[in-house]
Amino acid sequence: MSCAKPDRRVWICLRGGRSLQSAATRPQGPQIAGESPAMRMSQYFLPTLKEMPSEAQIVSHRLMLRAGLVRQTSAGIYAWLPFGLRVLRNIERIVREEQDASGAQEVLMPTIQSAELWRESGRYDAYGPEMLRIRDRHDRDMLYGPTNEEMITTLFRDAVKSYRDLPRNLYHIQWKFRDEVRPRFGVMRGREFLMKDNYSFDLDKAGAIRSYNRMFVSYLRTFARMGLRAIPMRADTGPIGGDLSHEFIILAETGESAVFCHKGLVDRDILGRKIDYDGDLQPIVDEWTSLYAATDEKHDGGRFEAEVPAGERLLARGIEVGHIFYFGTKYSKPMNAVVAGPNGDQVTVEMGSYGIGVSRLVGAIIEASHDGAGIVWPESVAPFKVGLLNLKPDDAAVSAACATLYGALGKAGIDCLLDDRDLRPGAKFADMDLVGLPWQVIVGPKGLAAGKVEVKNRRTGAREEVPLDGVVARLG
RNA sequence: CGGGGCGUAGCGCAGUCUGGUAGCGCGUCUGCCUUGGGCGCAGAAGGUCGUCGGUUCGAAUCCGGCCGCCCCGACCA
């Protein structure tokens with residue numbers, strides 16, 4: 001790592017110039033750089049399954065296998081196929097944009113770590129068999145990282161020596177491994193998982209709470225942009241330790257835990273707010289934490305009934321998709337992460353850590369958004385925005401119309417998957433509903449005779465007849 | 001880690017109790033037919049029955065070891 005000074009100038013410059021709105025309202029280009037936004041299904045690796053795989057029990061796991069998103073390679077370990085990968089990348093993209101907007105900076109730490117680091121914090125022996133321990137050819141103890149507090153603390157303390165270089169907030173999006181005794185629920189509780197985690201460093205507790213609040217608000221925006229209703233709930237700090245912590249729970253009928261909250265939290269809108277990450281975010285945090293919300297572990301029936309009027313009580317189920325902690329000097333102290341304070345004294349930095357389960361979100365979003373026919377992707381994370389169905393590939397007029405639309409949608413930057421396979425219409429409808437693209441453009445000989453195609457909304461099922469040359473405008 | 005279950009064709013399963021030439025549905029391939037909701041007809045390919053050993057004239061089937069996967073619980077992002 002280079003010295004801290006030049007780095008700090010960049011930081012200040014970014015802080016002055018960064019604008020949340022620019023990240024959130026940025027025009028949506030092709031979602032994966034360098035790849036054509038359109039694709040032909042006859043050439044695409046999308047192995048869908050008609051029948052239910054017996055290994056999967058919960059709906060998101062079944063749909064992920066059936067819709068060709070992932071394949072399991074070992075218990076709790078998955079290979080990501082093109083569709084699943086596109087969703088994963090879209091989720092990552094939103095997380096990254098919101099992290100950057102909040103002032104966090106991206107790094108990338110390795111998956112393999114040295115046991116030495118963990119001996120320093122005392123967690124090597126404390127962590128237990130969930131940690132995958134490995135040995136290299138020189139018989140050195142290594143491990144596949146289950147989390148990165150030790151590593152980031154080391155990187156920070158070796159490079160940052162002055163209070164002038166604070167605050168710092170570093171994040172990365174990296175694969176982690178926890179050797180769960182019993183992996184289950186597909187990617188929602190795998191052993192290998194992709195996680196965004198970040199770590200804030202501040203001079204004092206007040207600064208750490210400002211950092212905490214920035215992440216709190218950033219998380220509200222991040223999940224909202226994925227079409228999820230995430231409710232922050234006060235949480236136990238668990239083995240990570242600390243005294244301020246919130247879980248972000250999304251509501252899904254099939255969620256893993258029961259949640260109890262005030263209905264007012266569900267419809268609260270963060271995306272309509274203008275956020276100033278340099279300003280005081282405490283009022284927003286207070287607003288979201290003032291109403292009752294608890295998972296079953298923390299639920300207090302008496303308080304719930306006292307604080308929430310009967311008509312406003314919501315009993316639902318939820319899935320944890322994010323967790324934020326303030327933990328003070330739990331790691332900085334044993335690992336000696338200190339900076340020179342304004343008075344020249346040595347100050348142990350105040351830290352927090354913040355996680356989002358990126359791969360878990362793929363399953364969680366499906367749990368929150370599916371129907372009997374398959375997945376219903378929110379547009380912001382969908383593998384493609386539009387599925388274009390050629391109902392009769394050997395009809396020259398139909399295929400010509402599809403080619404025209406396919407080209408026009410591609411040119412307009414609208415992600416489009418063309419089903420040009422020589423299959424019965426029913427098979428195409430079933431597949432397209434299963435994989436859940438938000439919009440279907442259905443081109444068949446009947447409609448086309450009148451110069452029209454059908455545009456179907458996957459979520460509502462609503463269909464409308466649209467003239468051929470009006471499709472791009474309708475979907476743009 | 002306690003308790004339970006499963007491993008037979010790409011997927012879903014029967015066959016195992018009662019040992020005797022490995023089956024069904026879906027999918028795949030070929031041809032015909034069909035083209036607005038997984039259509040129809042005909043033909044075909046595809047399995048050392050998870051693995052190793054034992055019993056037996058003969059093992060998918062009985063016995064034992066091992067491996068893998070799933071479910072409930074405890075645990076967890």
# chains A, B, ... in the order shown; residues from 1 in each chain; ligands from 1
>>> closest_atom_pairs(of="chain A", to="chain B", cutoff="10 Å", atoms="only C-alpha atoms (C1' of nucleotides)", output="Markdown table")
| residue | atom | partner | partner_atom | distance |
| --- | --- | --- | --- | --- |
| A:Leu49 | CA | B:C11 | C1' | 7.2 |
| A:Lys50 | CA | B:G38 | C1' | 7.8 |
| A:Glu51 | CA | B:C11 | C1' | 6.5 |
| A:Met52 | CA | B:G12 | C1' | 7.2 |
| A:Pro53 | CA | B:C11 | C1' | 7.0 |
| A:Ser54 | CA | B:G12 | C1' | 7.7 |
| A:Glu55 | CA | B:C70 | C1' | 5.8 |
| A:Ala56 | CA | B:C70 | C1' | 7.9 |
| A:Gln57 | CA | B:C71 | C1' | 8.7 |
| A:Ser74 | CA | B:C69 | C1' | 8.6 |
| A:Ala75 | CA | B:C69 | C1' | 7.4 |
| A:Glu130 | CA | B:C76 | C1' | 9.6 |
| A:Arg178 | CA | B:C76 | C1' | 9.3 |
| A:Glu180 | CA | B:C76 | C1' | 7.5 |
| A:Val181 | CA | B:C1 | C1' | 7.8 |
| A:Arg182 | CA | B:C75 | C1' | 8.8 |
| A:Pro183 | CA | B:C76 | C1' | 9.6 |
| A:Arg184 | CA | B:C70 | C1' | 9.1 |
| A:Met188 | CA | B:A77 | C1' | 8.7 |
| A:Arg189 | CA | B:A77 | C1' | 7.9 |
| A:Gly190 | CA | B:A77 | C1' | 9.8 |
| A:Phe193 | CA | B:A77 | C1' | 8.9 |
| A:Leu194 | CA | B:A77 | C1' | 10.0 |
| A:Met195 | CA | B:A77 | C1' | 8.3 |
| A:Glu247 | CA | B:A77 | C1' | 10.0 |
| A:Glu320 | CA | B:A77 | C1' | 7.4 |
| A:Val321 | CA | B:A77 | C1' | 7.1 |
| A:Gly322 | CA | B:A77 | C1' | 7.3 |
| A:His323 | CA | B:A77 | C1' | 7.7 |
| A:Gly355 | CA | B:A77 | C1' | 7.7 |
| A:Ile356 | CA | B:A77 | C1' | 7.6 |
| A:Gly357 | CA | B:A77 | C1' | 6.0 |
| A:Val358 | CA | B:A77 | C1' | 9.6 |
| A:Arg360 | CA | B:A77 | C1' | 8.0 |
| A:Leu391 | CA | B:U35 | C1' | 7.3 |
| A:Lys392 | CA | B:U35 | C1' | 6.1 |
| A:Pro393 | CA | B:U35 | C1' | 9.1 |
| A:Asp394 | CA | B:U35 | C1' | 9.2 |
| A:Asp395 | CA | B:U35 | C1' | 9.6 |
| A:Asp422 | CA | B:U35 | C1' | 9.5 |
| A:Leu423 | CA | B:U35 | C1' | 8.3 |
| A:Arg424 | CA | B:U35 | C1' | 6.0 |
| A:Pro425 | CA | B:G36 | C1' | 6.5 |
| A:Gly426 | CA | B:G37 | C1' | 4.0 |
| A:Ala427 | CA | B:G38 | C1' | 4.4 |
| A:Lys428 | CA | B:G38 | C1' | 8.1 |
| A:Phe429 | CA | B:G37 | C1' | 6.1 |
| A:Ala430 | CA | B:G38 | C1' | 6.5 |
| A:Asp431 | CA | B:G38 | C1' | 8.5 |
| A:Ile442 | CA | B:G36 | C1' | 9.0 |
| A:Val443 | CA | B:G36 | C1' | 9.3 |
| A:Gly444 | CA | B:G36 | C1' | 7.2 |
| A:Pro445 | CA | B:G36 | C1' | 9.1 |
| A:Lys446 | CA | B:G36 | C1' | 8.4 |
| A:Gly447 | CA | B:G36 | C1' | 9.7 |
>>> atom_distance(atom1="atom CA of Asn457 of chain A", atom2="atom CA of Gly264 of chain A")
28.6 Å
>>> residues_around(residues="C66 of chain B", least_positions_apart="4", cutoff="12 Å", atoms="only C-alpha atoms (C1' of nucleotides)", output="list of chain:residue names")
B:G50, B:U51, B:C52, B:G53
>>> closest_residue(among="A:Gly328, A:Gly272, A:Pro467, A:Gly186", to="Leu361 of chain A", atoms="only C-alpha atoms")
A:Gly186
>>> select_by_dssp(residues="segment 66-96 of chain A", states="strand (DSSP E)", output="list in words")
Val70, Arg71, Gln72, Thr73, Ser74, Ile77, Tyr78, Ala79 and Trp80 of chain A
>>> write_last_selection(atoms="C-alpha atoms", output="mmCIF file, in the first residue's frame")
data_model
loop_
_atom_site.group_PDB
_atom_site.id
_atom_site.type_symbol
_atom_site.label_atom_id
_atom_site.label_comp_id
_atom_site.auth_asym_id
_atom_site.auth_seq_id
_atom_site.Cartn_x
_atom_site.Cartn_y
_atom_site.Cartn_z
ATOM 1 C CA VAL A 70 -27.081 -22.498 -10.952
ATOM 2 C CA ARG A 71 -26.010 -26.101 -10.591
ATOM 3 C CA GLN A 72 -24.827 -27.582 -7.343
ATOM 4 C CA THR A 73 -21.345 -29.065 -7.418
ATOM 5 C CA SER A 74 -21.038 -30.107 -3.753
ATOM 6 C CA ILE A 77 -21.337 -25.022 -3.333
ATOM 7 C CA TYR A 78 -22.735 -23.844 -6.646
ATOM 8 C CA ALA A 79 -21.634 -23.127 -10.179
ATOM 9 C CA TRP A 80 -23.269 -20.035 -11.638
#
>>> residues_around(residues="C62 of chain B", least_positions_apart="3", cutoff="12 Å", atoms="only C-alpha atoms (C1' of nucleotides)", output="ChimeraX atom specification")
/B:16-19,54-56,59
>>> write_last_selection(atoms="N, CA, C and O atoms (P, O5', C5', C4', C3', O3' and C1' of nucleotides)", output="PDB file, in the first residue's frame")
ATOM      1  P     U B  16     -39.634 -55.266  -5.366  1.00  0.00           P
ATOM      2  O5'   U B  16     -38.131 -55.301  -4.840  1.00  0.00           O
ATOM      3  C5'   U B  16     -37.261 -56.350  -5.233  1.00  0.00           C
ATOM      4  C4'   U B  16     -35.999 -56.299  -4.404  1.00  0.00           C
ATOM      5  C3'   U B  16     -36.235 -56.328  -2.894  1.00  0.00           C
ATOM      6  O3'   U B  16     -35.233 -57.108  -2.261  1.00  0.00           O
ATOM      7  C1'   U B  16     -35.054 -54.361  -3.485  1.00  0.00           C
ATOM      8  P     C B  17     -35.538 -58.644  -2.003  1.00  0.00           P
ATOM      9  O5'   C B  17     -36.504 -58.550  -0.751  1.00  0.00           O
ATOM     10  C5'   C B  17     -35.999 -58.192   0.524  1.00  0.00           C
ATOM     11  C4'   C B  17     -37.126 -57.911   1.471  1.00  0.00           C
ATOM     12  C3'   C B  17     -38.077 -59.079   1.711  1.00  0.00           C
ATOM     13  O3'   C B  17     -37.562 -59.955   2.697  1.00  0.00           O
ATOM     14  C1'   C B  17     -39.316 -57.114   1.295  1.00  0.00           C
ATOM     15  P     U B  18     -38.056 -61.465   2.696  1.00  0.00           P
ATOM     16  O5'   U B  18     -37.689 -62.007   1.254  1.00  0.00           O
ATOM     17  C5'   U B  18     -37.579 -63.406   1.012  1.00  0.00           C
ATOM     18  C4'   U B  18     -37.922 -63.700  -0.424  1.00  0.00           C
ATOM     19  C3'   U B  18     -37.235 -62.793  -1.435  1.00  0.00           C
ATOM     20  O3'   U B  18     -36.862 -63.550  -2.570  1.00  0.00           O
ATOM     21  C1'   U B  18     -39.592 -62.659  -1.689  1.00  0.00           C
ATOM     22  P     G B  19     -35.414 -64.167  -2.599  1.00  0.00           P
ATOM     23  O5'   G B  19     -34.794 -63.537  -3.900  1.00  0.00           O
ATOM     24  C5'   G B  19     -34.739 -62.121  -4.089  1.00  0.00           C
ATOM     25  C4'   G B  19     -33.800 -61.809  -5.219  1.00  0.00           C
ATOM     26  C3'   G B  19     -34.029 -62.666  -6.449  1.00  0.00           C
ATOM     27  O3'   G B  19     -33.729 -61.886  -7.603  1.00  0.00           O
ATOM     28  C1'   G B  19     -31.868 -63.057  -5.592  1.00  0.00           C
ATOM     29  P     G B  54     -14.473 -60.351  -2.093  1.00  0.00           P
ATOM     30  O5'   G B  54     -15.558 -60.745  -0.989  1.00  0.00           O
ATOM     31  C5'   G B  54     -15.145 -61.077   0.329  1.00  0.00           C
ATOM     32  C4'   G B  54     -16.339 -61.313   1.209  1.00  0.00           C
ATOM     33  C3'   G B  54     -17.277 -62.434   0.763  1.00  0.00           C
ATOM     34  O3'   G B  54     -16.798 -63.714   1.129  1.00  0.00           O
ATOM     35  C1'   G B  54     -18.553 -60.532   1.365  1.00  0.00           C
ATOM     36  P     U B  55     -17.187 -64.965   0.200  1.00  0.00           P
ATOM     37  O5'   U B  55     -18.735 -65.163   0.484  1.00  0.00           O
ATOM     38  C5'   U B  55     -19.189 -65.519   1.786  1.00  0.00           C
ATOM     39  C4'   U B  55     -20.694 -65.659   1.802  1.00  0.00           C
ATOM     40  C3'   U B  55     -21.265 -66.543   0.694  1.00  0.00           C
ATOM     41  O3'   U B  55     -21.189 -67.914   1.029  1.00  0.00           O
ATOM     42  C1'   U B  55     -22.489 -64.527   0.820  1.00  0.00           C
ATOM     43  P     U B  56     -20.658 -68.953  -0.090  1.00  0.00           P
ATOM     44  O5'   U B  56     -21.806 -68.929  -1.184  1.00  0.00           O
ATOM     45  C5'   U B  56     -23.119 -69.337  -0.852  1.00  0.00           C
ATOM     46  C4'   U B  56     -24.054 -69.038  -1.993  1.00  0.00           C
ATOM     47  C3'   U B  56     -23.588 -69.547  -3.364  1.00  0.00           C
ATOM     48  O3'   U B  56     -23.869 -70.923  -3.541  1.00  0.00           O
ATOM     49  C1'   U B  56     -24.376 -67.321  -3.538  1.00  0.00           C
ATOM     50  P     A B  59     -23.611 -62.446  -8.867  1.00  0.00           P
ATOM     51  O5'   A B  59     -25.079 -62.010  -8.414  1.00  0.00           O
ATOM     52  C5'   A B  59     -26.033 -61.497  -9.333  1.00  0.00           C
ATOM     53  C4'   A B  59     -26.717 -60.299  -8.739  1.00  0.00           C
ATOM     54  C3'   A B  59     -25.785 -59.114  -8.459  1.00  0.00           C
ATOM     55  O3'   A B  59     -26.528 -57.910  -8.583  1.00  0.00           O
ATOM     56  C1'   A B  59     -26.698 -59.856  -6.445  1.00  0.00           C
TER      57        A B  59
END
>>> atom_distance(atom1="atom CA of Ala337 of chain A", atom2="atom CA of Val349 of chain A")
6.3 Å
>>> residues_around(residues="U8 of chain B", least_positions_apart="6", cutoff="10 Å", atoms="only C-alpha atoms (C1' of nucleotides)", output="list of chain:residue names")
B:A14, B:G15, B:A22, B:G23, B:G47, B:C49, B:A60
>>> residues_around(residues="A45 of chain B", least_positions_apart="5", cutoff="12 Å", atoms="only C-alpha atoms (C1' of nucleotides)", output="ChimeraX atom specification")
/B:9,28-30
>>> atom_distance(atom1="atom CA of Cys261 of chain A", atom2="atom CA of Arg313 of chain A")
6.1 Å
>>> select_by_dssp(residues="segment 207-279 of chain A", states="helix (DSSP H, G or I)", output="PyMOL selection string")
chain A and resi 207-225+238-240+263-265
>>> residues_around(residues="Asp197 of chain A", least_positions_apart="4", cutoff="9 Å", atoms="only C-alpha atoms (C1' of nucleotides)", output="ChimeraX atom specification")
/A:147-148,170-174,353-357
>>> closest_residue(among="A:Met215, A:Ile58, A:Leu88, A:Ala235", to="Ala104 of chain A", atoms="only C-alpha atoms")
A:Met215
>>> decode(residues="segment 212-242 of chain A", atoms="N, CA, C and O atoms", output="compact mmCIF listing (two decimals), in the first residue's frame")
# COMPACT_ATOMS: atom_id res chain seq x y z
N TYR A 212 -21.69 4.47 10.66
CA TYR A 212 -22.75 3.48 10.79
C TYR A 212 -24.03 3.98 10.12
O TYR A 212 -24.68 3.26 9.36
N ASN A 213 -24.35 5.24 10.37
CA ASN A 213 -25.57 5.80 9.79
C ASN A 213 -25.50 5.88 8.27
O ASN A 213 -26.50 5.68 7.58
N ARG A 214 -24.32 6.18 7.75
CA ARG A 214 -24.18 6.22 6.29
C ARG A 214 -24.50 4.85 5.70
O ARG A 214 -25.20 4.73 4.69
N MET A 215 -23.99 3.81 6.35
CA MET A 215 -24.26 2.46 5.84
C MET A 215 -25.73 2.10 6.02
O MET A 215 -26.34 1.47 5.16
N PHE A 216 -26.29 2.52 7.12
CA PHE A 216 -27.71 2.26 7.38
C PHE A 216 -28.56 2.80 6.22
O PHE A 216 -29.38 2.08 5.64
N VAL A 217 -28.31 4.03 5.86
CA VAL A 217 -29.09 4.66 4.79
C VAL A 217 -28.75 4.04 3.43
O VAL A 217 -29.62 3.77 2.61
N SER A 218 -27.47 3.77 3.24
CA SER A 218 -27.04 3.15 2.00
C SER A 218 -27.73 1.80 1.80
O SER A 218 -28.13 1.44 0.69
N TYR A 219 -27.89 1.06 2.87
CA TYR A 219 -28.54 -0.25 2.78
C TYR A 219 -30.02 -0.10 2.43
O TYR A 219 -30.56 -0.88 1.65
N LEU A 220 -30.66 0.88 3.04
CA LEU A 220 -32.07 1.11 2.69
C LEU A 220 -32.21 1.34 1.20
O LEU A 220 -33.09 0.78 0.54
N ARG A 221 -31.32 2.16 0.65
CA ARG A 221 -31.39 2.46 -0.78
C ARG A 221 -31.04 1.23 -1.62
O ARG A 221 -31.67 0.95 -2.63
N THR A 222 -30.01 0.52 -1.20
CA THR A 222 -29.55 -0.64 -1.97
C THR A 222 -30.67 -1.66 -2.15
O THR A 222 -30.95 -2.12 -3.27
N PHE A 223 -31.33 -2.02 -1.07
CA PHE A 223 -32.37 -3.05 -1.16
C PHE A 223 -33.59 -2.52 -1.89
O PHE A 223 -34.23 -3.25 -2.65
N ALA A 224 -33.91 -1.25 -1.67
CA ALA A 224 -35.06 -0.67 -2.36
C ALA A 224 -34.85 -0.71 -3.87
O ALA A 224 -35.77 -0.99 -4.64
N ARG A 225 -33.62 -0.47 -4.30
CA ARG A 225 -33.35 -0.49 -5.74
C ARG A 225 -33.48 -1.89 -6.33
O ARG A 225 -33.60 -2.05 -7.54
N MET A 226 -33.40 -2.90 -5.49
CA MET A 226 -33.57 -4.27 -5.99
C MET A 226 -35.03 -4.69 -5.94
O MET A 226 -35.35 -5.86 -6.13
N GLY A 227 -35.90 -3.74 -5.65
CA GLY A 227 -37.31 -4.07 -5.61
C GLY A 227 -37.72 -4.77 -4.33
O GLY A 227 -38.76 -5.42 -4.28
N LEU A 228 -36.91 -4.65 -3.30
CA LEU A 228 -37.20 -5.34 -2.04
C LEU A 228 -37.65 -4.36 -0.98
O LEU A 228 -37.24 -3.20 -0.98
N ARG A 229 -38.47 -4.84 -0.09
CA ARG A 229 -38.81 -4.04 1.07
C ARG A 229 -38.00 -4.56 2.23
O ARG A 229 -38.28 -5.62 2.79
N ALA A 230 -36.96 -3.83 2.56
CA ALA A 230 -36.06 -4.26 3.63
C ALA A 230 -36.36 -3.45 4.88
O ALA A 230 -36.46 -2.23 4.82
N ILE A 231 -36.50 -4.15 5.98
CA ILE A 231 -36.81 -3.49 7.23
C ILE A 231 -35.66 -3.69 8.19
O ILE A 231 -35.26 -4.83 8.47
N PRO A 232 -35.07 -2.59 8.67
CA PRO A 232 -33.98 -2.73 9.64
C PRO A 232 -34.54 -3.13 11.00
O PRO A 232 -35.52 -2.56 11.46
N MET A 233 -33.89 -4.10 11.62
CA MET A 233 -34.32 -4.55 12.93
C MET A 233 -33.12 -4.63 13.86
O MET A 233 -32.07 -5.15 13.47
N ARG A 234 -33.31 -4.14 15.05
CA ARG A 234 -32.22 -4.19 16.02
C ARG A 234 -31.81 -5.65 16.22
O ARG A 234 -32.67 -6.53 16.30
N ALA A 235 -30.52 -5.88 16.27
CA ALA A 235 -30.05 -7.27 16.28
C ALA A 235 -29.06 -7.51 17.39
O ALA A 235 -28.43 -6.59 17.91
N ASP A 236 -28.93 -8.78 17.73
CA ASP A 236 -27.85 -9.18 18.62
C ASP A 236 -26.54 -9.00 17.87
O ASP A 236 -26.47 -9.22 16.68
N THR A 237 -25.51 -8.66 18.60
CA THR A 237 -24.25 -8.48 17.90
C THR A 237 -23.51 -9.79 17.74
O THR A 237 -22.59 -9.87 16.96
N GLY A 238 -23.92 -10.82 18.46
CA GLY A 238 -23.35 -12.15 18.25
C GLY A 238 -21.85 -12.20 18.45
O GLY A 238 -21.29 -11.38 19.17
N PRO A 239 -21.22 -13.17 17.79
CA PRO A 239 -19.79 -13.40 18.05
C PRO A 239 -18.89 -12.27 17.53
O PRO A 239 -17.76 -12.14 17.95
N ILE A 240 -19.42 -11.43 16.65
CA ILE A 240 -18.59 -10.34 16.15
C ILE A 240 -18.43 -9.28 17.24
O ILE A 240 -17.43 -8.59 17.30
N GLY A 241 -19.39 -9.18 18.10
CA GLY A 241 -19.27 -8.28 19.23
C GLY A 241 -19.64 -6.86 18.91
O GLY A 241 -19.82 -6.49 17.75
N GLY A 242 -19.80 -6.06 19.94
CA GLY A 242 -20.16 -4.66 19.72
C GLY A 242 -21.46 -4.32 20.37
O GLY A 242 -22.10 -5.16 20.99
